[in-house]
Amino acid sequence: MPKKRKHSETLPIVSVKKDEGAPERPKRTLTGWKDKEVAKETESGSDHAVFRNKEKVLVTCSRRINFRYRHLMLNVVSLLPHCKKDNKVESRSSKGATLNELVELKGCSSCLFFECRKHKDLYLWMSKCPSGPSVKFLVNAVHTMEELKLTGNHLKGSRPLLTFSSNFDKDVHWKLLKEIIVQIFGTPKEHRHSKPYHDHVFVFSIVDDHIWFRNYQISVPHNESDKVARGGLDKMTLIEVGPRFCLNPIKIFGGSFGGPTLYENPLYVSPNQIRALEKKQKAGKYSKKVKAKTRRKMHELSNPLEQDEFADMWKE
């Protein structure tokens, strides 16, 4: 009995010719479309892989924050196009775990937390989540954009230039603070909410062991007859935009919102101690008045006046 042929043997083999003119479709990755050459380099594990900055900052504040400090937080949010806002967080001992969870849910890598205490004192936390490090600052000399009313103006969402004074290269803790500030305040290149322009400058300078922040617009004359060539910095001017604030570093922690203390400022004096000293000075004025009254009474008792012989003359 003859064997039956298989169905695959009966089908004719058709050779498909590739269109040599059409280019191959690039490979799609998490960071976008990738060319064939770049894909080969990354798959082979070479050191020439392209680094893409995906920094995102979560900006939030504590409950019962002052209106002035809330306006400062909104000014900072308007300056950082790569940030995300969230609801207020209760300022408790367990706020670190809560904030780390919020940062993870929002898909961020850093956090700016404005913590207000007693409706008077503002503390700023800068943290790299979830492994750290983190820094705690006391914020002084706060001036928002609304109250300054400066003439400077720049595009919302444009990328800033970060400038630092030469004092940041002196000590190790200043170098660490500089790196944290660069990663948090530096807008990533080609971010979807940013504009590809550099028209303002963030200035961080150290004076009296405090970090002073200023924001300036880069003003350039753009008339058709008088255009500024590349490198013509003599015609560029800086106009302040705002806001203004001063950061007094308190502690640097090894973890996120806690952990081992890497640095502690020996010159830091808490606002509670300053207010207690002021109360003592005011109380000293009152105690001086009381002591003066007692001294006057003792003087009168020790030096009595002689009786006047004509004192009772008109009483009759």
# chains A, B, ... in the order shown; residues from 1 in each chain; ligands from 1

call {"tool": "residues_around", "arguments": {"residues": "Val76 in chain A", "least_positions_apart": "2", "cutoff": "10 Å", "atoms": "only C-alpha atoms", "output": "mmCIF file with C-alpha atoms, in the first residue's frame"}}
result
data_model
loop_
_atom_site.group_PDB
_atom_site.id
_atom_site.type_symbol
_atom_site.label_atom_id
_atom_site.label_comp_id
_atom_site.auth_asym_id
_atom_site.auth_seq_id
_atom_site.Cartn_x
_atom_site.Cartn_y
_atom_site.Cartn_z
ATOM 1 C CA VAL A 59 7.304 69.114 45.814
ATOM 2 C CA ARG A 70 2.983 78.398 50.567
ATOM 3 C CA HIS A 71 3.499 81.151 47.990
ATOM 4 C CA LEU A 72 7.244 80.473 48.125
ATOM 5 C CA MET A 73 6.598 76.794 47.411
ATOM 6 C CA LEU A 74 4.402 77.715 44.421
ATOM 7 C CA SER A 78 6.800 77.403 38.657
ATOM 8 C CA LEU A 79 10.606 77.454 38.280
ATOM 9 C CA LEU A 80 10.965 73.647 38.038
ATOM 10 C CA PRO A 81 9.157 72.194 34.996
ATOM 11 C CA CYS A 83 8.523 68.679 39.332
ATOM 12 C CA LEU A 112 11.470 68.925 48.232
ATOM 13 C CA THR A 144 8.203 85.793 47.130
ATOM 14 C CA PHE A 185 17.242 72.154 40.451
ATOM 15 C CA GLY A 242 12.735 86.266 42.249
ATOM 16 C CA PRO A 243 12.038 84.639 44.620
#

call {"tool": "residues_around", "arguments": {"residues": "Pro133 in chain A", "least_positions_apart": "3", "cutoff": "6 Å", "atoms": "only C-alpha atoms", "output": "number ranges by chain"}}
result
A: 128, 253-256

call {"tool": "select_by_dssp", "arguments": {"residues": "range 137-286 of chain A", "states": "helix (DSSP H, G or I)", "output": "MDAnalysis selection string"}}
result
chainID A and resid 145:148 166:169 172:185 233:235 271:286

call {"tool": "atom_distance", "arguments": {"atom1": "CA of Pro221 in chain A", "atom2": "CA of Ser158 in chain A"}}
result
18.6 Å

call {"tool": "atom_distance", "arguments": {"atom1": "CA of Leu176 in chain A", "atom2": "CA of Cys116 in chain A"}}
result
24.9 Å

call {"tool": "closest_atom_pairs", "arguments": {"of": "range 150-269 of chain A", "to": "range 107-111 of chain A", "cutoff": "12 Å", "atoms": "only C-alpha atoms", "output": "Markdown table"}}
result
| residue | atom | partner | partner_atom | distance |
| --- | --- | --- | --- | --- |
| A:Ile180 | CA | A:Ser110 | CA | 9.4 |
| A:Ile181 | CA | A:Ser110 | CA | 10.6 |
| A:Val182 | CA | A:Ser110 | CA | 11.6 |
| A:Gln183 | CA | A:Ser110 | CA | 8.5 |
| A:Ile184 | CA | A:Ser110 | CA | 6.7 |
| A:Phe185 | CA | A:Ser110 | CA | 10.2 |
| A:Gly186 | CA | A:Ser110 | CA | 11.8 |
| A:Ser256 | CA | A:Cys111 | CA | 9.4 |
| A:Phe257 | CA | A:Cys111 | CA | 9.7 |

call {"tool": "residues_around", "arguments": {"residues": "range 89-99 of chain A", "least_positions_apart": "3", "cutoff": "9 Å", "atoms": "only C-alpha atoms", "output": "VMD selection string"}}
result
chain A and resid 60 to 64 86 102 to 104 111 113 115 to 117 129 256 to 258

call {"tool": "residues_around", "arguments": {"residues": "Ile218 in chain A", "least_positions_apart": "4", "cutoff": "10 Å", "atoms": "only C-alpha atoms", "output": "ChimeraX atom specification"}}
result
/A:152-154,161,198-201,236-240

call {"tool": "residues_around", "arguments": {"residues": "Phe137 in chain A", "least_positions_apart": "5", "cutoff": "8 Å", "atoms": "only C-alpha atoms", "output": "MDAnalysis selection string"}}
result
chainID A and resid 123:125 247:251

call {"tool": "closest_residue", "arguments": {"among": "A:Ile211, A:Val172, A:Ile252, A:Leu138", "to": "Lys120 in chain A", "atoms": "only C-alpha atoms"}}
result
A:Leu138

call {"tool": "atom_distance", "arguments": {"atom1": "CA of Phe204 in chain A", "atom2": "CA of Asn272 in chain A"}}
result
27.2 Å

call {"tool": "select_by_dssp", "arguments": {"residues": "range 49-133 of chain A", "states": "strand (DSSP E)", "output": "list in words"}}
result
Val57, Leu58, Val59, Thr60, Cys61, Cys83, Lys84, Lys85, Ser110, Cys111, Leu112, Phe113, Phe114, Glu115, Cys116, Arg117, Asp121, Leu122, Tyr123, Leu124, Trp125, Met126, Ser127 and Lys128 of chain A

call {"tool": "write_last_selection", "arguments": {"atoms": "C-alpha atoms", "output": "CSV table (one decimal), in the first residue's frame"}}
result
chain,number,residue,atom,x,y,z
A,57,VAL,CA,11.1,66.1,41.8
A,58,LEU,CA,8.2,65.8,44.1
A,59,VAL,CA,7.3,69.1,45.8
A,60,THR,CA,5.0,69.1,48.8
A,61,CYS,CA,4.5,70.8,52.2
A,83,CYS,CA,8.5,68.7,39.3
A,84,LYS,CA,5.2,67.2,40.5
A,85,LYS,CA,3.0,68.6,43.2
A,110,SER,CA,13.9,63.4,44.6
A,111,CYS,CA,11.8,65.3,47.0
A,112,LEU,CA,11.5,68.9,48.2
A,113,PHE,CA,9.5,69.0,51.5
A,114,PHE,CA,8.5,72.4,53.0
A,115,GLU,CA,7.9,71.8,56.7
A,116,CYS,CA,6.3,74.6,58.8
A,117,ARG,CA,6.3,74.6,62.5
A,121,ASP,CA,9.6,78.5,61.3
A,122,LEU,CA,10.1,77.0,57.8
A,123,TYR,CA,12.3,74.0,57.2
A,124,LEU,CA,13.2,72.7,53.8
A,125,TRP,CA,14.1,69.0,53.2
A,126,MET,CA,16.1,68.0,50.1
A,127,SER,CA,16.2,64.3,49.7
A,128,LYS,CA,17.2,61.7,47.1
